[in-house]
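Asks: Got target-v6.tsv for you, TSV, C-alpha atoms:
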```tsv
chain	number	residue	atom	x	y	z
A	236	MET	CA	130.11	103.27	54.06
A	237	SER	CA	132.39	104.47	56.84
A	238	TRP	CA	130.81	107.93	56.57
A	239	ILE	CA	127.36	106.44	57.12
A	240	TRP	CA	128.45	104.56	60.27
A	241	THR	CA	130.30	107.59	61.57
A	242	LEU	CA	127.24	109.79	60.99
A	243	MET	CA	124.95	107.26	62.72
A	244	LEU	CA	127.26	107.05	65.74
A	245	LEU	CA	127.61	110.80	65.92
A	246	LEU	CA	123.84	111.39	65.70
A	247	SER	CA	123.18	108.70	68.32
A	248	THR	CA	125.68	110.25	70.71
A	249	ILE	CA	124.28	113.75	70.21
A	250	ALA	CA	120.69	112.52	70.67
A	251	ALA	CA	121.64	110.61	73.83
A	252	LEU	CA	123.33	113.68	75.33
A	253	VAL	CA	120.51	116.08	74.35
A	254	PHE	CA	117.80	113.83	75.81
A	255	GLY	CA	119.80	112.90	78.92
A	256	ASN	CA	120.33	109.25	77.99
A	257	GLY	CA	124.14	109.23	78.11
A	258	ALA	CA	124.21	106.50	80.77
A	259	ASN	CA	121.86	104.31	78.73
A	260	LEU	CA	124.01	104.83	75.64
A	261	SER	CA	127.15	103.90	77.54
A	262	ALA	CA	125.53	100.74	78.90
A	263	ALA	CA	124.22	99.80	75.44
A	264	VAL	CA	127.67	100.27	73.90
A	265	GLN	CA	129.24	98.00	76.51
A	266	LYS	CA	126.53	95.37	76.17
A	267	GLY	CA	126.67	95.48	72.36
A	268	ALA	CA	130.46	95.16	72.30
A	269	GLN	CA	130.32	92.18	74.66
A	270	ALA	CA	127.57	90.51	72.59
A	271	GLY	CA	129.56	91.09	69.40
A	272	VAL	CA	132.68	89.44	70.81
A	273	THR	CA	130.65	86.53	72.20
A	274	LEU	CA	128.94	85.98	68.86
A	275	ALA	CA	132.20	86.18	66.91
A	276	ILE	CA	133.83	83.58	69.15
A	277	SER	CA	130.81	81.28	69.06
A	278	ILE	CA	130.62	81.14	65.26
A	279	GLY	CA	134.38	81.33	64.72
A	280	GLY	CA	134.78	77.58	65.07
A	281	SER	CA	132.12	76.86	62.47
A	282	ILE	CA	133.65	79.33	60.02
A	283	CYS	CA	137.14	77.87	60.53
A	284	LEU	CA	135.84	74.33	60.03
A	285	TRP	CA	134.01	75.05	56.79
A	286	THR	CA	136.74	77.30	55.42
A	287	GLY	CA	139.17	74.43	56.02
A	288	VAL	CA	136.80	72.04	54.27
A	289	GLY	CA	136.75	74.44	51.33
A	290	LYS	CA	140.55	74.46	51.14
A	291	LEU	CA	140.63	70.66	51.33
A	292	MET	CA	138.09	70.49	48.52
A	293	GLU	CA	140.27	72.76	46.41
A	294	ARG	CA	143.51	70.84	47.09
A	295	SER	CA	141.95	67.39	46.62
A	296	GLY	CA	140.46	68.27	43.24
A	297	ILE	CA	136.86	68.23	44.38
A	298	THR	CA	136.37	71.79	43.13
A	299	ASP	CA	137.53	70.65	39.68
A	300	MET	CA	134.96	67.86	39.82
A	301	LEU	CA	132.28	70.30	40.97
A	302	SER	CA	133.17	72.73	38.19
A	303	ARG	CA	132.52	69.93	35.69
A	304	LEU	CA	129.25	69.10	37.49
A	305	PHE	CA	128.13	72.74	37.49
A	306	ALA	CA	129.37	73.32	33.91
A	307	PRO	CA	125.90	73.28	32.27
A	308	LEU	CA	124.56	75.80	34.78
A	309	LEU	CA	127.67	77.97	34.61
A	310	ARG	CA	127.62	78.00	30.79
A	311	ARG	CA	124.09	79.39	30.82
A	312	LEU	CA	124.58	81.96	33.59
A	313	PHE	CA	128.20	82.86	32.84
A	314	PRO	CA	129.02	82.21	29.15
A	315	THR	CA	132.60	83.51	29.46
A	316	THR	CA	133.45	80.56	31.72
A	317	GLN	CA	133.52	78.36	28.61
A	318	LYS	CA	136.87	79.95	27.81
A	319	ASP	CA	138.14	80.52	31.37
A	320	ASP	CA	138.65	77.39	33.49
A	321	GLN	CA	139.94	79.42	36.44
A	322	ALA	CA	136.76	81.50	36.55
A	323	LYS	CA	134.72	78.29	36.35
A	324	GLN	CA	136.59	76.85	39.36
A	325	TYR	CA	136.17	80.03	41.41
A	326	LEU	CA	132.46	80.18	40.56
A	327	SER	CA	131.98	76.49	41.44
A	328	ALA	CA	133.75	76.89	44.77
A	329	ASN	CA	131.76	80.05	45.47
A	330	ILE	CA	128.46	78.31	44.71
A	331	CYS	CA	129.42	75.32	46.89
A	332	ALA	CA	130.34	77.57	49.82
A	333	ASN	CA	127.04	79.40	49.44
A	334	LEU	CA	125.15	76.09	49.29
A	335	LEU	CA	126.73	75.27	52.64
A	336	GLY	CA	125.63	78.66	53.98
A	337	LEU	CA	129.19	79.89	54.37
A	338	GLY	CA	129.01	83.44	53.08
A	339	ASN	CA	132.32	84.30	54.73
A	340	ALA	CA	134.11	81.42	53.03
A	341	ALA	CA	132.39	82.17	49.71
A	342	THR	CA	133.48	85.81	49.63
A	343	PRO	CA	137.15	85.36	48.62
A	344	MET	CA	136.19	82.95	45.84
A	345	GLY	CA	133.43	85.29	44.69
A	346	ILE	CA	135.89	88.19	44.53
A	347	GLN	CA	138.31	86.13	42.44
A	348	ALA	CA	135.46	85.07	40.12
A	349	ALA	CA	134.31	88.69	39.82
A	350	LYS	CA	137.81	89.76	38.78
A	351	ARG	CA	137.72	87.15	36.02
A	352	LEU	CA	134.28	88.35	34.80
A	353	VAL	CA	135.31	92.00	34.35
A	354	ASN	CA	135.44	93.17	30.75
A	355	PRO	CA	139.04	94.35	30.13
A	356	LYS	CA	137.83	96.90	27.57
A	357	HIS	CA	135.50	98.53	30.15
A	358	PRO	CA	136.88	97.64	33.60
A	359	THR	CA	134.66	100.14	35.43
A	360	LEU	CA	131.43	98.84	33.86
A	361	ALA	CA	129.60	95.91	35.45
A	362	THR	CA	128.82	93.20	32.91
A	363	ASP	CA	125.57	91.25	32.96
A	364	GLU	CA	127.52	88.21	34.18
A	365	LEU	CA	129.03	90.20	37.05
A	366	CYS	CA	125.57	91.41	38.04
A	367	ARG	CA	124.29	87.81	38.04
A	368	LEU	CA	127.21	86.76	40.24
A	369	ILE	CA	126.41	89.52	42.72
A	370	VAL	CA	122.73	88.50	42.74
A	371	LEU	CA	123.66	84.85	43.34
A	372	ASN	CA	125.97	85.82	46.20
A	373	THR	CA	123.45	88.16	47.77
A	374	ALA	CA	120.51	85.76	47.55
A	375	SER	CA	122.54	82.58	47.81
A	376	ILE	CA	120.70	79.28	47.78
A	377	GLN	CA	121.59	77.52	51.02
A	378	LEU	CA	121.17	73.79	51.50
A	379	ILE	CA	122.96	73.78	54.85
A	380	PRO	CA	122.87	77.19	56.59
A	381	ALA	CA	125.92	76.45	58.75
A	382	ASN	CA	126.52	79.98	60.03
A	383	VAL	CA	122.87	80.54	60.92
A	384	ALA	CA	122.74	77.16	62.68
A	385	ALA	CA	125.91	78.04	64.62
A	386	VAL	CA	124.35	81.32	65.77
A	387	ARG	CA	121.10	79.55	66.72
A	388	ALA	CA	123.05	76.89	68.64
A	389	SER	CA	125.06	79.55	70.49
A	390	LEU	CA	121.79	81.20	71.53
A	391	GLY	CA	120.46	77.92	72.94
A	392	ALA	CA	118.27	76.56	70.13
A	393	ALA	CA	117.46	72.92	70.85
A	394	SER	CA	117.34	72.08	67.14
A	395	PRO	CA	119.37	74.67	65.21
A	396	PHE	CA	118.66	73.08	61.81
A	397	ASP	CA	114.86	72.96	62.15
A	398	ILE	CA	114.71	76.03	59.90
A	399	LEU	CA	115.87	74.09	56.82
A	400	PRO	CA	112.56	74.01	54.87
A	401	ALA	CA	112.06	77.74	55.34
A	402	VAL	CA	115.67	78.48	54.35
A	403	TRP	CA	115.41	76.29	51.25
A	404	LEU	CA	112.16	77.87	50.10
A	405	THR	CA	113.16	81.48	50.71
A	406	SER	CA	116.67	81.16	49.29
A	407	ILE	CA	115.45	79.43	46.11
A	408	CYS	CA	112.71	82.04	45.64
A	409	SER	CA	115.04	84.98	46.28
A	410	ALA	CA	117.78	83.65	43.99
A	411	GLY	CA	115.29	82.80	41.26
A	412	LEU	CA	113.58	86.17	41.40
A	413	GLY	CA	116.92	87.97	41.60
A	414	LEU	CA	118.28	86.16	38.54
A	415	ALA	CA	115.05	86.84	36.63
A	416	ALA	CA	115.29	90.53	37.53
A	417	ALA	CA	118.97	90.65	36.52
A	418	TRP	CA	118.14	88.99	33.21
A	419	ALA	CA	115.25	91.41	32.58
A	420	MET	CA	117.32	94.47	33.49
A	421	GLY	CA	120.11	93.22	31.23
A	422	LYS	CA	117.63	93.13	28.34
A	423	VAL	CA	116.14	96.57	29.13
A	424	TRP	CA	119.45	98.39	29.54
A	425	ARG	CA	121.42	96.70	26.80
A	426	ARG	CA	124.82	98.31	26.22
A	427	ASP	CA	126.56	97.87	22.88
```
Now, as a test, write the supplied structure out as C-alpha coordinates.

Replies:
Amino acid sequence: MSWIWTLMLLLSTIAALVFGNGANLSAAVQKGAQAGVTLAISIGGSICLWTGVGKLMERSGITDMLSRLFAPLLRRLFPTTQKDDQAKQYLSANICANLLGLGNAATPMGIQAAKRLVNPKHPTLATDELCRLIVLNTASIQLIPANVAAVRASLGAASPFDILPAVWLTSICSAGLGLAAAWAMGKVWRRD
(Lines of atoms letter the chains of each structure in order from A and count residues from 1; the text may use other names and numbers.)
(Lines give C-alpha, C1' and ligand atoms only; values in the text may rest on other atoms or scores of the structure.)
Protein backbone atom coordinates (compact mmCIF):
# COMPACT_ATOMS: atom_id res chain seq x y z
CA MET A 1 0.00 0.00 0.00
CA SER A 2 2.87 2.37 0.73
CA TRP A 3 4.04 1.97 -2.87
CA ILE A 4 0.64 3.06 -4.15
CA TRP A 5 0.62 6.22 -1.99
CA THR A 6 4.20 7.00 -2.91
CA LEU A 7 3.40 6.60 -6.61
CA MET A 8 0.31 8.81 -6.31
CA LEU A 9 2.27 11.54 -4.54
CA LEU A 10 5.10 11.33 -7.03
CA LEU A 11 2.76 11.50 -10.04
CA SER A 12 0.85 14.42 -8.50
CA THR A 13 4.05 16.35 -7.88
CA ILE A 14 5.36 15.69 -11.39
CA ALA A 15 2.01 16.69 -12.95
CA ALA A 16 1.87 19.88 -10.87
CA LEU A 17 5.40 20.87 -11.92
CA VAL A 18 4.85 20.01 -15.61
CA PHE A 19 1.60 21.99 -15.81
CA GLY A 20 2.87 24.91 -13.72
CA ASN A 21 0.63 24.27 -10.71
CA GLY A 22 3.37 23.94 -8.08
CA ALA A 23 1.96 26.81 -6.01
CA ASN A 24 -1.52 25.28 -6.05
CA LEU A 25 -0.09 21.91 -5.01
CA SER A 26 1.82 23.51 -2.15
CA ALA A 27 -1.29 25.33 -0.94
CA ALA A 28 -3.38 22.16 -1.21
CA VAL A 29 -0.82 20.19 0.79
CA GLN A 30 -0.84 22.79 3.57
CA LYS A 31 -4.62 23.02 3.61
CA GLY A 32 -5.02 19.22 3.58
CA ALA A 33 -2.52 18.74 6.41
CA GLN A 34 -4.30 21.37 8.51
CA ALA A 35 -7.71 19.81 7.81
CA GLY A 36 -6.37 16.36 8.71
CA VAL A 37 -5.04 17.53 12.07
CA THR A 38 -8.26 19.42 12.82
CA LEU A 39 -10.37 16.37 12.00
CA ALA A 40 -8.18 14.04 14.06
CA ILE A 41 -8.44 16.30 17.10
CA SER A 42 -12.19 16.79 16.70
CA ILE A 43 -12.99 13.06 16.62
CA GLY A 44 -10.24 12.07 19.05
CA GLY A 45 -12.45 12.71 22.06
CA SER A 46 -15.23 10.52 20.72
CA ILE A 47 -12.83 7.69 19.94
CA CYS A 48 -11.24 7.91 23.41
CA LEU A 49 -14.65 7.91 25.08
CA TRP A 50 -15.96 4.85 23.26
CA THR A 51 -12.68 2.96 23.47
CA GLY A 52 -12.79 3.54 27.23
CA VAL A 53 -16.38 2.30 27.32
CA GLY A 54 -15.22 -0.82 25.50
CA LYS A 55 -12.51 -1.45 28.09
CA LEU A 56 -15.01 -0.93 30.91
CA MET A 57 -17.37 -3.39 29.25
CA GLU A 58 -14.58 -5.94 29.07
CA ARG A 59 -13.46 -5.48 32.70
CA SER A 60 -16.99 -5.44 34.12
CA GLY A 61 -17.97 -8.69 32.42
CA ILE A 62 -20.41 -7.12 29.99
CA THR A 63 -18.53 -8.63 27.05
CA ASP A 64 -18.99 -12.08 28.62
CA MET A 65 -22.71 -11.38 28.90
CA LEU A 66 -22.81 -10.14 25.30
CA SER A 67 -20.93 -13.23 24.10
CA ARG A 68 -23.68 -15.35 25.66
CA LEU A 69 -26.32 -13.11 24.05
CA PHE A 70 -24.65 -13.32 20.63
CA ALA A 71 -23.91 -17.06 21.01
CA PRO A 72 -26.67 -18.26 18.63
CA LEU A 73 -25.54 -15.86 15.91
CA LEU A 74 -21.86 -16.59 16.47
CA ARG A 75 -22.45 -20.37 16.35
CA ARG A 76 -24.03 -20.05 12.92
CA LEU A 77 -21.52 -17.60 11.43
CA PHE A 78 -18.42 -18.86 13.25
CA PRO A 79 -18.82 -22.54 14.23
CA THR A 80 -15.33 -22.78 15.74
CA THR A 81 -16.38 -20.37 18.51
CA GLN A 82 -18.29 -23.25 20.11
CA LYS A 83 -14.92 -24.60 21.24
CA ASP A 84 -13.09 -21.28 21.74
CA ASP A 85 -14.54 -18.95 24.40
CA GLN A 86 -11.79 -16.38 23.85
CA ALA A 87 -12.64 -16.09 20.16
CA LYS A 88 -16.31 -15.74 21.10
CA GLN A 89 -15.50 -12.86 23.47
CA TYR A 90 -13.33 -11.08 20.89
CA LEU A 91 -16.02 -11.48 18.23
CA SER A 92 -18.74 -10.22 20.59
CA ALA A 93 -16.70 -7.17 21.57
CA ASN A 94 -15.88 -6.54 17.91
CA ILE A 95 -19.54 -6.73 16.91
CA CYS A 96 -20.56 -4.42 19.77
CA ALA A 97 -17.94 -1.84 18.80
CA ASN A 98 -19.11 -1.99 15.20
CA LEU A 99 -22.75 -1.61 16.32
CA LEU A 100 -21.67 1.60 18.05
CA GLY A 101 -19.95 2.74 14.85
CA LEU A 102 -16.49 2.58 16.39
CA GLY A 103 -14.41 1.00 13.67
CA ASN A 104 -11.20 2.16 15.34
CA ALA A 105 -12.12 0.53 18.64
CA ALA A 106 -13.35 -2.62 16.86
CA THR A 107 -10.11 -3.16 14.96
CA PRO A 108 -7.93 -4.56 17.79
CA MET A 109 -10.67 -6.96 18.85
CA GLY A 110 -11.23 -7.99 15.23
CA ILE A 111 -7.52 -8.71 14.81
CA GLN A 112 -7.50 -10.88 17.93
CA ALA A 113 -10.61 -12.73 16.72
CA ALA A 114 -9.03 -13.22 13.29
CA LYS A 115 -5.94 -14.76 14.89
CA ARG A 116 -8.20 -17.25 16.69
CA LEU A 117 -10.03 -18.15 13.45
CA VAL A 118 -6.88 -19.05 11.49
CA ASN A 119 -6.52 -22.74 10.68
CA PRO A 120 -3.24 -23.89 12.28
CA LYS A 121 -2.76 -26.51 9.55
CA HIS A 122 -2.93 -23.84 6.80
CA PRO A 123 -2.03 -20.50 8.45
CA THR A 124 -1.66 -18.67 5.13
CA LEU A 125 -5.09 -19.71 3.84
CA ALA A 126 -8.16 -17.65 4.74
CA THR A 127 -10.94 -19.82 6.15
CA ASP A 128 -14.59 -19.20 5.34
CA GLU A 129 -15.07 -17.94 8.91
CA LEU A 130 -12.21 -15.48 8.54
CA CYS A 131 -13.72 -14.20 5.29
CA ARG A 132 -17.08 -13.71 7.03
CA LEU A 133 -15.37 -11.78 9.83
CA ILE A 134 -13.70 -9.50 7.31
CA VAL A 135 -17.03 -8.95 5.54
CA LEU A 136 -18.75 -8.12 8.84
CA ASN A 137 -16.01 -5.66 9.75
CA THR A 138 -15.99 -4.02 6.35
CA ALA A 139 -19.77 -3.67 6.07
CA SER A 140 -20.43 -3.36 9.78
CA ILE A 141 -24.00 -2.86 10.93
CA GLN A 142 -24.07 0.39 12.86
CA LEU A 143 -26.83 1.27 15.30
CA ILE A 144 -25.05 4.37 16.58
CA PRO A 145 -22.54 5.78 14.06
CA ALA A 146 -20.53 7.62 16.72
CA ASN A 147 -17.50 8.49 14.58
CA VAL A 148 -19.62 9.75 11.68
CA ALA A 149 -21.74 11.81 14.08
CA ALA A 150 -18.57 13.28 15.64
CA VAL A 151 -17.30 14.29 12.20
CA ARG A 152 -20.68 15.78 11.27
CA ALA A 153 -20.81 17.70 14.58
CA SER A 154 -17.28 19.04 14.04
CA LEU A 155 -18.35 20.30 10.62
CA GLY A 156 -21.33 22.16 12.11
CA ALA A 157 -24.24 19.77 11.55
CA ALA A 158 -27.19 20.92 13.66
CA SER A 159 -28.40 17.34 14.14
CA PRO A 160 -25.47 14.95 13.61
CA PHE A 161 -27.58 11.83 14.24
CA ASP A 162 -30.33 12.62 11.72
CA ILE A 163 -28.69 10.13 9.36
CA LEU A 164 -29.64 7.12 11.52
CA PRO A 165 -32.37 5.60 9.28
CA ALA A 166 -30.11 5.78 6.23
CA VAL A 167 -27.17 4.30 8.16
CA TRP A 168 -29.32 1.47 9.52
CA LEU A 169 -30.74 0.58 6.13
CA THR A 170 -27.48 0.73 4.20
CA SER A 171 -25.39 -1.07 6.81
CA ILE A 172 -27.92 -3.91 7.20
CA CYS A 173 -28.18 -4.28 3.41
CA SER A 174 -24.42 -4.21 2.87
CA ALA A 175 -23.69 -6.67 5.68
CA GLY A 176 -26.48 -9.00 4.56
CA LEU A 177 -25.39 -8.97 0.93
CA GLY A 178 -21.74 -9.33 1.92
CA LEU A 179 -22.45 -12.35 4.12
CA ALA A 180 -24.59 -13.92 1.39
CA ALA A 181 -21.78 -13.40 -1.12
CA ALA A 182 -19.20 -14.85 1.30
CA TRP A 183 -21.43 -17.87 1.89
CA ALA A 184 -21.95 -18.37 -1.86
CA MET A 185 -18.25 -18.00 -2.66
CA GLY A 186 -17.43 -20.45 0.13
CA LYS A 187 -19.71 -23.00 -1.54
CA VAL A 188 -18.33 -22.36 -5.05
CA TRP A 189 -14.65 -22.52 -4.10
CA ARG A 190 -14.79 -25.30 -1.57
CA ARG A 191 -11.34 -26.43 -0.41
CA ASP A 192 -10.89 -29.90 1.05

Asks: Out of A:Ser281, A:Asn333, A:Ser302, A:Thr315, which residue has the shortest atom-to-atom distance to Leu365 (chain A) when counting only C-alpha atoms?

Replies: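 Of the candidates, the smallest distance to Leu365 (chain A) is held by A:Thr315.
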
Asks: Mind dumping a table of every region 255-303 of chain A residue within 12 Å of region 241-248 of chain A, with the nearest atom pair and its distance in Å to one decimal, using all atoms listed in the file, sorted by chain and rising number, as JSON lines?

Replies:
```
{"residue": "A:Gly255", "atom": "CA", "partner": "A:Thr248", "partner_atom": "CA", "distance": 10.4}
{"residue": "A:Asn256", "atom": "CA", "partner": "A:Thr248", "partner_atom": "CA", "distance": 9.1}
{"residue": "A:Gly257", "atom": "CA", "partner": "A:Thr248", "partner_atom": "CA", "distance": 7.6}
{"residue": "A:Ala258", "atom": "CA", "partner": "A:Thr248", "partner_atom": "CA", "distance": 10.8}
{"residue": "A:Asn259", "atom": "CA", "partner": "A:Thr248", "partner_atom": "CA", "distance": 10.7}
{"residue": "A:Leu260", "atom": "CA", "partner": "A:Thr248", "partner_atom": "CA", "distance": 7.5}
{"residue": "A:Ser261", "atom": "CA", "partner": "A:Thr248", "partner_atom": "CA", "distance": 9.4}
{"residue": "A:Ala263", "atom": "CA", "partner": "A:Ser247", "partner_atom": "CA", "distance": 11.4}
{"residue": "A:Val264", "atom": "CA", "partner": "A:Leu244", "partner_atom": "CA", "distance": 10.6}
```

Asks: Report, in Å to a single decimal, how far apart CA of Ala332 (chain A) and CA of Thr298 (chain A) are.

Replies: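 Spanning CA of Thr298 (chain A) to CA of Ala332 (chain A) is a straight-line distance of 10.7 Å.
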
Asks: Identify which of the residues A:Leu304, A:Ala262, A:Leu274, A:Ala328 lies closest to Met292 (chain A), counting all atoms listed in the file when measuring atom-to-atom distances.

Replies: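 The shortest atom-to-atom distance to Met292 (chain A) comes from A:Ala328.
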
Asks: Given only C-alpha atoms as the basis, pick out the residue of A:Ala417, A:Cys408, A:Leu284, A:Val402 nearest to Ala340 (chain A).

Replies: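 Of A:Ala417, A:Cys408, A:Leu284, A:Val402, the one nearest Ala340 (chain A), counting only C-alpha atoms, is A:Leu284.
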
Asks: Can you list, as a VMD selection string, every protein, DNA or RNA residue that comes within 12 Å of Gly279 (chain A) when you count all atoms listed in the file, leaving out same-chain residues fewer than 2 positions away?

Replies: chain A and resid 271 to 277 281 to 286 337 339 to 340 381 to 382 385 to 386 389

Asks: Counting all atoms listed in the file, figure out which residue out of A:Val383, A:Val370, A:Gly391, A:Ala401 gets nearest to Trp418 (chain A).

Replies: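 Among the listed residues, A:Val370 lies closest to Trp418 (chain A).
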
Asks: Please, what distance in Å, to one decimal, runs between CA of Ala415 (chain A) and CA of Asp299 (chain A)?

Replies: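 For CA of Ala415 (chain A) relative to CA of Asp299 (chain A), the distance reads 27.9 Å.
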
Asks: CA of Ser237 (chain A) and CA of Thr359 (chain A), how far apart in Å?

Replies: 22.0 Å

Asks: Choose the residue, out of A:Trp424, A:Cys331, A:Pro358, A:Pro395, that has the smallest atom-to-atom separation from Leu371 (chain A); count all atoms listed in the file.

Replies: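 Distance minimum relative to Leu371 (chain A) lands on A:Cys331.
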
Asks: When you count all atoms listed in the file, which of these residues is closest to Ile369 (chain A): A:Ala384, A:Ile249, A:Lys356, A:Ile346?

Replies: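 Result for the nearest residue to Ile369 (chain A): A:Ile346.
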
Asks: Tell me, as a PyMOL selection string, which residues lie within 12 Å of Pro314 (chain A), counting all atoms listed in the file; anything in the same chain fewer than 6 positions away does not count.

Replies: chain A and resi 306-308+320+322-323+352+362-365+367
